[in-house]
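Reviewing the structure listed below.
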Amino acid sequence: MRLSTLRHACRNLPTPSVHQPRTGVRVFGLAKSSLPLGPSSNSQLLLRAASSVSGTTSAEKAPKLGKQTDGPGYENTIRENVQRTKEEMVALQRGHPALKPTLAIIQADEDDRLLELNKKMAGKIGLNVTQICLPRECTEDEIIEEVLKLNEDPRVHGVYLHLPPASLTSRVLNTLRPEKDVDGVSDLNVGRLVRGDMNQGFIPPLANAVMELLARHGEQRKIVLVVGGEGPLGVALQCLMQRRGMVVLHSRRSSEVLQKQVCTHRCRRAHTHIHLHKAHLQHVSIDTLFVITLYVSEDHGMEMSGVGPLTAALRMQNVVQSSSRWAQGQQYRPWTLRSLKLQPLSPVPSDIEISRAQTPKPVDQLAQEIGLLQEETEAYGRTKAKVRLSLLDRLREQPDGKYVLVAGITPTPLGEGKSTVVIGLVQALSAHLKLNSFACLRQPSQGPTFGVKGQRGQISTRISMLEISMLINESFNLHLTGDIHAITAANNLVAAAIDARMLHEATQKDKALYSRLVPSVNGVRRFSPIQISRLRRLGISEIDPSALTPQEVSSFVRLDLDPAKVTWQRVVDTNDRFLRKITVGQASTEKGHVRETQFDIAVASEIMAILALADGLGDMKTRLGRMVVGSSRSGQPVTAEDLGVSGALAVLMKDAIKPTLMQTLEGSPVFVHAGPFANIAHGNSSVLADKLALKLVGEDGFVVTEAGFGADIGMEKFFNIKCRASGLRPNVVVLVATVRALKMHGGGPNVSAGSPLPREYIDEVRHWRESTLHGLKQGSTTIFVVRGNVSLLRVDSLAEIDLVCQMAKESGASDAVPCHHWARGGRGSVELAQAVKQAGSQPSHFQFLYSQETPIVEKIRMIAQKVYGADDIELSPEAQAKIDYYNQQGYGKLPICMAKTHLSLSHMPEKKGTPTGFTLPIRDIRASIGAGFIYPLVGTMSTMPGLPTRPCFYDIDLDPVTEEITGLF
């Protein structure tokens, strides 16, 4: 057939009959069949493609593709695709046995034929299919609501929108996550197909099915006519055909336009690409024109006949491919961390100026750089985000990195800068040595922020804002992500429950109390799960409220808390000395049930300690439930579970348990999480933050965490409490010392916040060598048998620095180096980073100071003698009675958390250096059963700081125009 024959064929193409079915796929030779043409409605896309095969002398010799869709060739094509997909499925599940690829179909009518077709094909391959049925006249918002649910469902790996064309709006298509768009209809996936980048996108199954059939009937076709096809399917076919070397022509749907388009475009193509003159056009041989007609109607009938089964098979192939990509995405991802340049200035500007001069990376970019998945982060603004604990499950098999603890010698009241050493070291490791590294810090309390300089959160050695950079810089020391507020709410809910329960028990009989605790709802009475747990603890197996005996009812409803033995206090995150002792219940409505109690600062709450030690949501809930809030009159402990409040506490804390991701000034990642009071609790950031970071950095990376206050408090508790709870063991210990602190402990005069430093701390002094040697030894690295480094925070005289480094090595440190990160950022800590890297490559020999089986008294004595240097301990009668009580209740195996001053190794803040010849007095002993430790009170320890005459809040202000905060630093 020559070109004139083609013109004649096009001129005589008929229009479709009104009785002609508009469903299915027909592939046929033009010489034998008619091509239905004509306008298409909004509910129907008519896409036709024509291809020519040169070199054939007779139209009758062309293969009849229409017959092949029902023949053995077509069945073989389906069978081959199914077999290939099954093999991919087997390989996928061999590596991920728990993975079950699932396709979700959203349809907007009651026609289940397509569902059955896809279910049948999925069954052959071993996939799941789930169906979401919407009303036929469903709204765009209703569709999007379902799509969003499927986007967030990790069990679903592919979504097929079986909807009328009018419902497939741009908003609907682009709501669907591209990685689940197995039909390849979203803008992003269509764009990927156009670009030829199919590493993440999908080929639309219907277009792929057409191409499979074309391939089966000859790759030599070079010219294709596409009639209509303005949507994603038409675009996909055009791209796929062009990629196979075909010339694609376009036409509108009327026969007159088709005739003109075929003839005119065919001539142009011949002239342009074959370089023939018009006189030679009659020599172009066109013998056979094949036409593919696809009808896509509202009921998707085309998938019920013709290429329907093949399309379904290829859709399942895309689902398996999506599942495979998902599984690959769950694996550990190498870091692509981009460091931020830091330009050191001299003289060094103020902390707030340094931080505001730096532009942090968006937190989603930081998360991507360190291998976090999009669904693993919850952004709080632009520069901080919560990280979900699902990360631990995803990277369960990933080896941990090296674990580095930064501790310090006994500090001065001004603080000595462990936090800045942590940040400087991490910046040196990541930005300068190009090693994956993570910092893990405590969240500071607001109390000292608005109270006294020289405490956690606001100290003269630039503890926080020097190194932490964020868009709203001050949020690190303020609300951050609200964790402390959640702890305050949970803690005070327990306090309210205690007083309310005591009031109701005192004013109601058993029967009335039981009726209110187990009310009838719609004529049915039942115990809540928390109440059933209490019944089990009481030894009552009955769960029918009407079946309990009067004695069982009385045991259930009566906690019988002794007001004098309530140990739970209310908390607030503000230094408020007048809340140290209060009286509650003075209103007439409380009917004379008055008692004395107190407020603690929020970070002293046992819930804060639980947050820092829990290793998951389930563990936290269990710990919250077993918190002891007081004793009954018979001497039995009463827990939060007994109060029925443990579930509500878990709800209040469900977001607080997720660590907060931030960054340093040089773009290194930081987890800020938990901030237990170091004097009363264990003073370390959370176990979960450390565990998440250790997985993220990889086997050769470093996680640097900080222990609060001096080595006698923070480091000892890190080893004997945190390491027991977490199961983690440190590879390296960095012991921070400053010349200023060493001078003070070597006999220098006292220093205090806000007062000028005495001359001894400014001028070079060498006579404190011997005392300083003892000060370094108090780090106790030999007791815990780990390697240690000493870093020097400030730039003092070179002679003094050399002297300290020399003495540190004499004391057993593996290395001793000066640090200059305060002025130079990470570049000033490179020498320390190299020393840490070297020490981390060596084996460490960790051991606990005491066994869990050691009696309580002996545990306390071992800490006092081996860590503090005391001769012995002295127990008050009250402390001895508490020990007997805790042993009786089965708490004797818990570790010890000493509550003492951080300003001296002894219980006397004024005793500097390494005091000897003293007896450590234990005036009382308390227990944090939920957190999992017993804490002896050494000397006088206040759990509620007070405000000084001139608090910091005099200097704190807000510019209402720029919203900038001044005076925090």
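Identifiers in this document derive from the order of the structure tokens: chains are assigned A, B, ..., residues are numbered from 1 separately in each chain, and ligands are numbered from 1 in order of occurrence.
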May I have a table of the residues of segment 520-616 of chain A lying at most 7 Å from segment 433-446 of chain A, giving each one's closest pair of atoms and their distance in Å to one decimal, counting only C-alpha atoms, ordered by chain and ascending residue number, as a tab-separated table?
```
residue	atom	partner	partner_atom	distance
A:Asp573	CA	A:Gln446	CA	5.9
A:Thr574	CA	A:Gln446	CA	6.3
A:Val603	CA	A:Ser445	CA	6.6
```
Selection above as a file: C-alpha atoms, as a short mmCIF file (atom, residue, chain, number, x, y, z; two decimals), in the first residue's frame:
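Contents of again.cif, as written:
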```
data_model
loop_
_atom_site.label_atom_id
_atom_site.label_comp_id
_atom_site.auth_asym_id
_atom_site.auth_seq_id
_atom_site.Cartn_x
_atom_site.Cartn_y
_atom_site.Cartn_z
CA ASP A 573 9.21 24.29 85.98
CA THR A 574 9.90 27.56 87.77
CA VAL A 603 12.85 18.07 86.16
#
```
Within 10 Å of Arg729 of chain A using only C-alpha atoms, minus same-chain residues under 3 positions, as a VMD selection string = chain A and resid 402 to 405 718 to 719 722 to 724 726 732 786 844 to 847
Create the file for the chosen residues now, containing N, CA and C atoms and written as a short mmCIF file (atom, residue, chain, number, x, y, z; two decimals), in the first residue's frame.
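Output contents, as saved in selection.cif:
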```cif
data_model
loop_
_atom_site.label_atom_id
_atom_site.label_comp_id
_atom_site.auth_asym_id
_atom_site.auth_seq_id
_atom_site.Cartn_x
_atom_site.Cartn_y
_atom_site.Cartn_z
N LYS A 402 30.24 3.81 67.88
CA LYS A 402 31.02 3.94 69.12
C LYS A 402 30.30 4.88 70.08
N TYR A 403 30.35 4.53 71.36
CA TYR A 403 29.60 5.25 72.40
C TYR A 403 30.59 6.02 73.25
N VAL A 404 30.46 7.35 73.24
CA VAL A 404 31.42 8.22 73.93
C VAL A 404 30.69 9.01 75.00
N LEU A 405 31.21 8.96 76.22
CA LEU A 405 30.66 9.74 77.33
C LEU A 405 31.57 10.92 77.63
N PHE A 718 25.70 7.42 85.37
CA PHE A 718 25.67 6.95 83.98
C PHE A 718 26.06 5.48 83.91
N PHE A 719 27.14 5.13 84.58
CA PHE A 719 27.62 3.74 84.54
C PHE A 719 26.66 2.79 85.25
N LYS A 722 22.22 4.22 84.19
CA LYS A 722 21.83 4.30 82.78
C LYS A 722 22.31 3.10 81.98
N CYS A 723 23.57 2.70 82.19
CA CYS A 723 24.09 1.56 81.43
C CYS A 723 23.38 0.27 81.80
N ARG A 724 22.96 0.13 83.07
CA ARG A 724 22.18 -1.06 83.44
C ARG A 724 20.84 -1.06 82.72
N SER A 726 19.96 0.52 79.91
CA SER A 726 20.04 0.51 78.44
C SER A 726 20.72 -0.72 77.88
N VAL A 732 34.51 5.06 75.06
CA VAL A 732 35.48 6.11 75.40
C VAL A 732 34.84 7.04 76.43
N VAL A 786 37.52 2.09 82.08
CA VAL A 786 37.29 2.55 80.71
C VAL A 786 38.39 3.53 80.37
N SER A 844 37.63 -1.80 75.18
CA SER A 844 37.38 -1.25 76.51
C SER A 844 36.97 -2.38 77.44
N HIS A 845 37.19 -2.20 78.70
CA HIS A 845 36.92 -3.24 79.70
C HIS A 845 36.03 -2.65 80.77
N PHE A 846 34.75 -2.71 80.50
CA PHE A 846 33.78 -2.07 81.39
C PHE A 846 33.32 -3.04 82.47
N GLN A 847 33.14 -2.51 83.69
CA GLN A 847 32.53 -3.30 84.74
C GLN A 847 31.79 -2.36 85.69
#
```
Identify all residues of segment 551-686 of chain A in strand (DSSP E or B) (DSSP on the backbone) and supply them as a count of residues only.
-> 36
Rounded to one decimal place, report the atom CA of Leu561 of chain A-atom CA of Arg626 of chain A distance in Å.
->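 It comes out at 15.8 Å.
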Return the single residue from A:Pro164, A:Pro411, A:Pro399, A:Pro637 that is closest to Phe702 of chain A, with distances computed using only C-alpha atoms.
->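 Once distances to Phe702 of chain A are computed over only C-alpha atoms, the minimum belongs to A:Pro399.
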Test item: residues at most 12 Å from Asn199 of chain A, only C-alpha atoms, excluding those fewer than 4 positions along its chain, as an MDAnalysis selection string | chainID A and resid 178:179 189 192:193 195 203 321:322 324:325
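Pairwise distance (atom CA of Pro205 of chain A, atom CA of Ala91 of chain A) equals 22.0 Å.
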Can you tell me how far atom CA of His593 of chain A sits from atom CA of Leu493 of chain A, in Å to one decimal?
-> 18.6 Å
Residue neighbourhood Ser546 of chain A, 12 Å, only C-alpha atoms, exclusion window fewer than 2 positions, as a list in words = Lys511, Tyr514, Ser515, Val518, Pro519, Ser520, Val524, Arg525, Arg526, Phe527, Glu542, Ile543, Asp544, Leu548, Thr549, Pro550, Glu552 and Val553 of chain A
Those residues with N, CA, C and O atoms, as a short mmCIF file (atom, residue, chain, number, x, y, z; two decimals), in the first residue's frame please?
```
data_model
loop_
_atom_site.label_atom_id
_atom_site.label_comp_id
_atom_site.auth_asym_id
_atom_site.auth_seq_id
_atom_site.Cartn_x
_atom_site.Cartn_y
_atom_site.Cartn_z
N LYS A 511 -20.23 0.51 99.08
CA LYS A 511 -21.19 0.28 98.00
C LYS A 511 -21.30 1.49 97.08
O LYS A 511 -21.29 1.36 95.85
N TYR A 514 -18.09 1.88 95.08
CA TYR A 514 -18.02 0.86 94.04
C TYR A 514 -18.92 1.22 92.86
O TYR A 514 -18.55 1.06 91.68
N SER A 515 -20.11 1.75 93.17
CA SER A 515 -21.04 2.12 92.10
C SER A 515 -20.48 3.24 91.24
O SER A 515 -20.75 3.29 90.04
N VAL A 518 -17.30 1.76 89.22
CA VAL A 518 -17.70 0.84 88.15
C VAL A 518 -19.16 1.16 87.81
O VAL A 518 -20.08 0.44 88.19
N PRO A 519 -19.40 2.25 87.08
CA PRO A 519 -20.77 2.69 86.83
C PRO A 519 -21.46 1.82 85.78
O PRO A 519 -20.83 1.11 85.00
N SER A 520 -22.78 1.91 85.77
CA SER A 520 -23.57 1.23 84.76
C SER A 520 -23.73 2.16 83.56
O SER A 520 -24.22 3.28 83.69
N VAL A 524 -25.17 -1.66 81.43
CA VAL A 524 -24.10 -2.66 81.53
C VAL A 524 -22.99 -2.11 82.42
O VAL A 524 -22.55 -0.97 82.25
N ARG A 525 -22.53 -2.94 83.35
CA ARG A 525 -21.39 -2.57 84.20
C ARG A 525 -20.21 -3.45 83.81
O ARG A 525 -20.34 -4.67 83.68
N ARG A 526 -19.07 -2.84 83.64
CA ARG A 526 -17.87 -3.62 83.33
C ARG A 526 -16.65 -2.89 83.87
O ARG A 526 -16.62 -1.66 83.99
N PHE A 527 -15.63 -3.67 84.17
CA PHE A 527 -14.36 -3.12 84.63
C PHE A 527 -13.56 -2.62 83.43
O PHE A 527 -13.60 -3.23 82.35
N GLU A 542 -12.36 -12.89 89.20
CA GLU A 542 -13.67 -12.56 88.66
C GLU A 542 -13.63 -11.23 87.91
O GLU A 542 -13.01 -10.27 88.35
N ILE A 543 -14.27 -11.17 86.73
CA ILE A 543 -14.32 -9.92 85.97
C ILE A 543 -15.74 -9.41 85.81
O ILE A 543 -15.97 -8.39 85.15
N ASP A 544 -16.72 -10.11 86.41
CA ASP A 544 -18.11 -9.64 86.40
C ASP A 544 -18.30 -8.77 87.63
O ASP A 544 -18.22 -9.26 88.77
N LEU A 548 -18.55 -9.92 92.59
CA LEU A 548 -17.57 -9.75 93.66
C LEU A 548 -18.27 -9.83 95.02
O LEU A 548 -19.40 -9.34 95.20
N THR A 549 -17.58 -10.43 95.97
CA THR A 549 -18.10 -10.49 97.34
C THR A 549 -17.92 -9.13 98.00
O THR A 549 -17.11 -8.30 97.55
N PRO A 550 -18.65 -8.87 99.10
CA PRO A 550 -18.45 -7.60 99.82
C PRO A 550 -17.01 -7.36 100.23
O PRO A 550 -16.53 -6.22 100.18
N GLU A 552 -14.31 -8.53 98.67
CA GLU A 552 -13.56 -8.20 97.47
C GLU A 552 -13.86 -6.79 96.99
O GLU A 552 -12.95 -6.08 96.53
N VAL A 553 -15.12 -6.36 97.13
CA VAL A 553 -15.48 -5.00 96.77
C VAL A 553 -14.71 -4.01 97.64
O VAL A 553 -14.15 -3.01 97.15
#
```
At most 10 Å is the cut-off: for each residue in segment 619-723 of chain A with any atom that close to an atom of segment 817-834 of chain A, write down the nearest atom pair and the distance in Å rounded to one decimal, counting only C-alpha atoms, chain first then increasing number, as a Markdown table.
```
| residue | atom | partner | partner_atom | distance |
| --- | --- | --- | --- | --- |
| A:Thr664 | CA | A:Gly825 | CA | 9.9 |
| A:Leu665 | CA | A:Gly825 | CA | 8.3 |
| A:Glu666 | CA | A:Gly826 | CA | 7.7 |
```
If we count only C-alpha atoms and set the cut-off at 10 Å, which residues sit around Lys900 of chain A, ignoring sequence neighbours fewer than 3 positions away in its own chain? Please answer as a PDB file with N, CA and C atoms, in the first residue's frame.
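Everything below was put into part-v4.pdb:
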```
ATOM      1  N   ALA A 678      20.116  16.399  88.035  1.00  0.00           N
ATOM      2  CA  ALA A 678      21.338  15.623  88.275  1.00  0.00           C
ATOM      3  C   ALA A 678      21.613  15.398  89.755  1.00  0.00           C
ATOM      4  N   ASN A 679      21.188  16.326  90.627  1.00  0.00           N
ATOM      5  CA  ASN A 679      21.416  16.127  92.057  1.00  0.00           C
ATOM      6  C   ASN A 679      20.517  15.031  92.625  1.00  0.00           C
ATOM      7  N   ILE A 680      19.252  15.006  92.180  1.00  0.00           N
ATOM      8  CA  ILE A 680      18.282  14.064  92.728  1.00  0.00           C
ATOM      9  C   ILE A 680      18.196  12.799  91.882  1.00  0.00           C
ATOM     10  N   ASP A 712      31.589  12.328  90.046  1.00  0.00           N
ATOM     11  CA  ASP A 712      31.059  11.625  91.209  1.00  0.00           C
ATOM     12  C   ASP A 712      29.549  11.476  91.157  1.00  0.00           C
ATOM     13  N   ILE A 713      28.868  12.362  90.430  1.00  0.00           N
ATOM     14  CA  ILE A 713      27.407  12.268  90.308  1.00  0.00           C
ATOM     15  C   ILE A 713      27.032  11.756  88.916  1.00  0.00           C
ATOM     16  N   CYS A 897      20.980   5.840  93.467  1.00  0.00           N
ATOM     17  CA  CYS A 897      21.123   7.156  92.844  1.00  0.00           C
ATOM     18  C   CYS A 897      21.324   8.172  93.961  1.00  0.00           C
ATOM     19  N   LEU A 903      29.064  20.244  94.145  1.00  0.00           N
ATOM     20  CA  LEU A 903      30.194  21.168  94.293  1.00  0.00           C
ATOM     21  C   LEU A 903      31.346  20.580  95.089  1.00  0.00           C
ATOM     22  N   SER A 904      31.209  19.360  95.569  1.00  0.00           N
ATOM     23  CA  SER A 904      32.279  18.701  96.325  1.00  0.00           C
ATOM     24  C   SER A 904      32.105  17.200  96.223  1.00  0.00           C
ATOM     25  N   LEU A 905      33.226  16.485  96.346  1.00  0.00           N
ATOM     26  CA  LEU A 905      33.130  15.031  96.411  1.00  0.00           C
ATOM     27  C   LEU A 905      32.429  14.590  97.688  1.00  0.00           C
ATOM     28  N   SER A 906      32.471  15.408  98.689  1.00  0.00           N
ATOM     29  CA  SER A 906      31.819  15.095  99.957  1.00  0.00           C
ATOM     30  C   SER A 906      30.403  15.663  99.956  1.00  0.00           C
ATOM     31  N   HIS A 907      29.761  15.639 101.124  1.00  0.00           N
ATOM     32  CA  HIS A 907      28.439  16.226 101.286  1.00  0.00           C
ATOM     33  C   HIS A 907      28.518  17.698 101.666  1.00  0.00           C
ATOM     34  N   MET A 908      29.734  18.221 101.774  1.00  0.00           N
ATOM     35  CA  MET A 908      29.963  19.599 102.210  1.00  0.00           C
ATOM     36  C   MET A 908      30.441  20.416 101.017  1.00  0.00           C
ATOM     37  N   PRO A 909      29.603  21.330 100.482  1.00  0.00           N
ATOM     38  CA  PRO A 909      29.962  22.073  99.268  1.00  0.00           C
ATOM     39  C   PRO A 909      31.265  22.838  99.387  1.00  0.00           C
ATOM     40  N   ILE A 922      23.739   9.835 105.756  1.00  0.00           N
ATOM     41  CA  ILE A 922      22.549   9.509 104.963  1.00  0.00           C
ATOM     42  C   ILE A 922      21.342   9.809 105.841  1.00  0.00           C
ATOM     43  N   TYR A 935      17.109   6.388  95.982  1.00  0.00           N
ATOM     44  CA  TYR A 935      17.995   7.540  96.124  1.00  0.00           C
ATOM     45  C   TYR A 935      18.143   7.976  97.581  1.00  0.00           C
ATOM     46  N   PRO A 936      19.337   7.766  98.150  1.00  0.00           N
ATOM     47  CA  PRO A 936      19.647   8.257  99.495  1.00  0.00           C
ATOM     48  C   PRO A 936      19.855   9.773  99.463  1.00  0.00           C
ATOM     49  N   LEU A 937      19.365  10.478 100.465  1.00  0.00           N
ATOM     50  CA  LEU A 937      19.544  11.921 100.583  1.00  0.00           C
ATOM     51  C   LEU A 937      20.755  12.186 101.463  1.00  0.00           C
ATOM     52  N   VAL A 938      21.757  12.818 100.863  1.00  0.00           N
ATOM     53  CA  VAL A 938      23.015  13.110 101.560  1.00  0.00           C
ATOM     54  C   VAL A 938      23.004  14.580 101.966  1.00  0.00           C
ATOM     55  N   GLY A 939      23.030  14.865 103.243  1.00  0.00           N
ATOM     56  CA  GLY A 939      23.013  16.249 103.693  1.00  0.00           C
ATOM     57  C   GLY A 939      21.658  16.873 103.409  1.00  0.00           C
ATOM     58  N   THR A 940      21.643  18.143 103.151  1.00  0.00           N
ATOM     59  CA  THR A 940      20.396  18.863 102.867  1.00  0.00           C
ATOM     60  C   THR A 940      20.321  19.140 101.375  1.00  0.00           C
ATOM     61  N   MET A 941      19.364  18.533 100.718  1.00  0.00           N
ATOM     62  CA  MET A 941      19.184  18.720  99.280  1.00  0.00           C
ATOM     63  C   MET A 941      17.790  19.262  99.030  1.00  0.00           C
ATOM     64  N   SER A 942      17.699  20.385  98.313  1.00  0.00           N
ATOM     65  CA  SER A 942      16.413  20.968  97.974  1.00  0.00           C
ATOM     66  C   SER A 942      16.020  20.549  96.568  1.00  0.00           C
TER      67      SER A 942
END
```
Identify which of the residues A:Lys119, A:His902, A:Arg759, A:Lys893 lies closest to Gln131 of chain A, counting only C-alpha atoms when measuring atom-to-atom distances.
->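 The closest residue to Gln131 of chain A is A:Lys119.
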